[in-house]
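J.: Could you have a look at this structure, given as structure tokens, before my questions?
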Amino acid sequence: TNALPAALERGEFFIEYQPLVHLHDGSVHGAEALVRWSHPQYGVLGPDRFIPLAERTGLIVPLGRWVLEESVRQARNWQRQHGGTPLRVNVNLSPTQLTHPGLVSDTLRVLESSGLAPGALCLEVTESALIGADDELLEPLRRLAALGVDIALDDFGTGYSNLANLRRLPVSVLKLDRSFTQGMQQEPADPVDVKIVEGIVALAHSLELAVTVEGVETGAQAAQLRALGCDTAQGWYYARPGSPDRIHTLSLCDAAPTR
């Protein structure tokens with residue numbers, strides 16, 4: 001906790017990117033930005049080790065702003081390298097960031113300074129952070145969505161929220177929690193898991209929401225999710241989180257998995 005502020009000043013944080021893949025053809029759609037801490041004593045730490053501490057100390061706001069700036073800058077670089085349709089970047093928002101008064105202005109400033117179109121940015125918010133959210137909490141997200149930024153409801157299915165609330169949330173993407181797809185790693189797939197995912201996909205598409213699946217680890221799993229109509233996926237079957245240059249390389253390749 002004491003080392004966090006100095007670590008940000010010294011540039012000890014870095015970002016790895018995990019590709020998001022179109023299930024229908026295997027093409028790279030974009031990537032999720034995942035922050036890491038290169039700790040001088042403990043080595044590389046994942047976000048589960050320090051994000052809760054950053055939340056409690058308030059450092060999550062400047063750290064989250066840095067992640068947004070770096071990720072948007074990288075997405076703009078991909079666009080220059082790739083040409084055509086830009087690769088999208090997904091950036092996670094914490095509950096504290098949601099309530100910060102500078103969320104909208106900071107996001108717009110970062111987009112304008114980089115030249116990245118709002119539609120190439122997706123902000124991920126966990127379902128649990130929006131359970132029971134009132135209009136005041138949702139207003140910044142609604143403003144960003146109105147400007148073209150995509151909002152994804154992350155870890156969907158784990159927060160025990162009322163499905164009817166989906167109508168009032170300014171989201172365009174549901175990210176299905178990996179716990180629903182673990183039963184599809186083998187053949188035959190667990191029929192209960194299949195029915196649950198099938199129902200969620202049908203619900204999402206009826207509300208004009210895209211469905212992203214996390215934790216895809218096998219070809220059988222990917223094939224089943226494709227057959228169920230899921231739109232995009234990420235997981236070790238395609239690629240582990242890695243350097244930004246790797247995302248650009250993958251986007252130029254065919255649909256073959258890169259485990």
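If you're wondering about the labels, chains in the structure tokens are A, B, ... by order shown, residues count from 1 in each chain, ligands from 1 in order shown.
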Name all residues at most 7 Å from A:Val216 (count only C-alpha atoms; drop same-chain ones fewer than 5 positions away) and give them as number ranges by chain.

T.: A: 221-222, 233-237

J.: Excluding same-chain residues fewer than 5 positions from A:Ile196, what lies within 9 Å of it counting only C-alpha atoms, as an NGL selection string?

T.: :A and (180 or 191 or 201)

J.: Could you check how far atom CA of A:Arg240 sits from atom CA of A:Gln186, in Å to one decimal?

T.: 20.2 Å

J.: Can you pull out every residue within 12 Å of A:Ser206, counting only C-alpha atoms, but drop anything in the same chain fewer than 4 positions away, and send it as a ChimeraX atom specification?

T.: /A:166-167,172,199-202,210-211

J.: Need to verify the contact set: A:Ala33, 9 Å, only C-alpha atoms, exclusion of same-chain residues closer than 3 positions in sequence. Can you return it as a ChimeraX atom specification?

T.: /A:15-18,67-68,71,89-92,241

J.: If we count only C-alpha atoms, what is near stretch 48-62 of chain A at a cut-off of 10 Å, once residues fewer than 3 positions away on the same chain are taken out, given as a CSV table (one decimal) with C-alpha atoms, in the first residue's frame?

T.:
```csv
chain,number,residue,atom,x,y,z
A,1,THR,CA,0.0,0.0,0.0
A,2,ASN,CA,2.8,2.4,0.9
A,4,LEU,CA,1.7,2.2,-4.7
A,5,PRO,CA,2.0,6.0,-5.2
A,8,LEU,CA,3.0,5.0,-10.3
A,35,VAL,CA,-2.6,-3.7,-15.9
A,36,ARG,CA,0.4,-5.4,-14.2
A,37,TRP,CA,2.9,-4.1,-11.6
A,45,LEU,CA,2.0,-8.8,-9.8
A,65,ARG,CA,-6.6,7.4,-15.7
A,66,TRP,CA,-3.1,6.2,-16.6
A,67,VAL,CA,-4.4,2.9,-17.8
A,68,LEU,CA,-7.0,4.6,-19.9
A,93,LEU,CA,-13.6,0.7,-14.6
A,94,SER,CA,-13.7,0.2,-10.9
A,95,PRO,CA,-16.6,1.2,-8.7
A,96,THR,CA,-14.6,4.1,-7.3
A,97,GLN,CA,-13.9,5.4,-10.9
A,98,LEU,CA,-17.7,5.2,-11.6
A,100,HIS,CA,-15.5,10.1,-9.7
A,102,GLY,CA,-14.1,13.6,-13.7
A,103,LEU,CA,-14.9,10.3,-15.4
```

J.: Could you give me, as a PyMOL selection string, each residue of stretch 93-225 of chain A that DSSP assigns to helix (DSSP H, G or I) when run on this structure's backbone?

T.: chain A and resi 95-99+103-114+118-120+127-130+135-146+163-167+178-180+182-184+191-206+219-225

J.: To one decimal place, how far is atom CA of A:Gly242 from atom CA of A:Glu214 in Å?

T.: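 These atoms are spaced 16.2 Å apart.
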
J.: At what distance in Å, to one decimal, does atom CA of A:Val110 lie from atom CA of A:Leu87?

T.: 16.9 Å

J.: When DSSP works through the backbone of this structure, what residues of stretch 42-259 of chain A end up as strand (DSSP E), shown as a PyMOL selection string?

T.: chain A and resi 43-45+88-93+121-126+150-156+173-176+210-213+232-233

J.: Please provide the set of residues having any atom within 8 Å of A:Leu20, restricted to only C-alpha atoms, with same-chain residues fewer than 3 positions apart removed, written as a ChimeraX atom specification.

T.: /A:28-32,232-234

J.: Name the closest residue to A:Asp150 among the candidates A:Ala117, A:Leu123, A:Leu228, A:Ala220; distances are taken between atoms, counting only C-alpha atoms.

T.: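 Closest to A:Asp150 of all the choices is A:Leu123.
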
J.: Need the shell around stretch 136-138 of chain A: protein/DNA/RNA residues with any atom at most 8 Å away, counting only C-alpha atoms. Skip same-chain ones fewer than 5 positions apart. Format as a ChimeraX atom specification?

T.: /A:98-99,169-170

J.: Can those selected residues be exported to a file as a PDB file, in the first residue's frame so that it contains N, CA and C atoms?

T.:
```pdb
ATOM      1  N   LEU A  98     -16.292   4.917 -11.153  1.00  0.00           N
ATOM      2  CA  LEU A  98     -17.650   5.216 -11.596  1.00  0.00           C
ATOM      3  C   LEU A  98     -18.224   6.430 -10.899  1.00  0.00           C
ATOM      4  N   THR A  99     -17.847   6.621  -9.646  1.00  0.00           N
ATOM      5  CA  THR A  99     -18.399   7.731  -8.873  1.00  0.00           C
ATOM      6  C   THR A  99     -17.515   8.971  -8.912  1.00  0.00           C
ATOM      7  N   LEU A 169     -29.919  -0.062 -18.119  1.00  0.00           N
ATOM      8  CA  LEU A 169     -28.472   0.116 -18.094  1.00  0.00           C
ATOM      9  C   LEU A 169     -27.965   0.513 -19.483  1.00  0.00           C
ATOM     10  N   PRO A 170     -27.047   1.481 -19.559  1.00  0.00           N
ATOM     11  CA  PRO A 170     -26.555   1.952 -20.867  1.00  0.00           C
ATOM     12  C   PRO A 170     -25.463   1.053 -21.434  1.00  0.00           C
TER      13      PRO A 170
END
```

J.: Smallest atom-to-atom distance to A:Gly183: which of A:Leu225, A:Leu23, A:Leu203, A:Ile247, using only C-alpha atoms?

T.: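 Of the candidates, the smallest distance to A:Gly183 is held by A:Leu225.
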
J.: Measuring between only C-alpha atoms, which one of A:Pro188, A:Gly132, A:Gly11, A:Gly64 shows the shortest distance to A:Leu34?

T.: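 Under the stated criterion, the closest residue is A:Gly64.
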
J.: Looking at only C-alpha atoms, which of A:Thr218, A:Thr212, A:Thr158, A:Gln81 is the one that sits closest to A:Leu174?

T.: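 So, comparing all the options, the nearest one is A:Thr212.
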
J.: From the options A:Leu121, A:Val197, A:Leu147, A:Ala133, which residue's atoms come nearest to A:Arg178, counting only C-alpha atoms?

T.: A:Val197
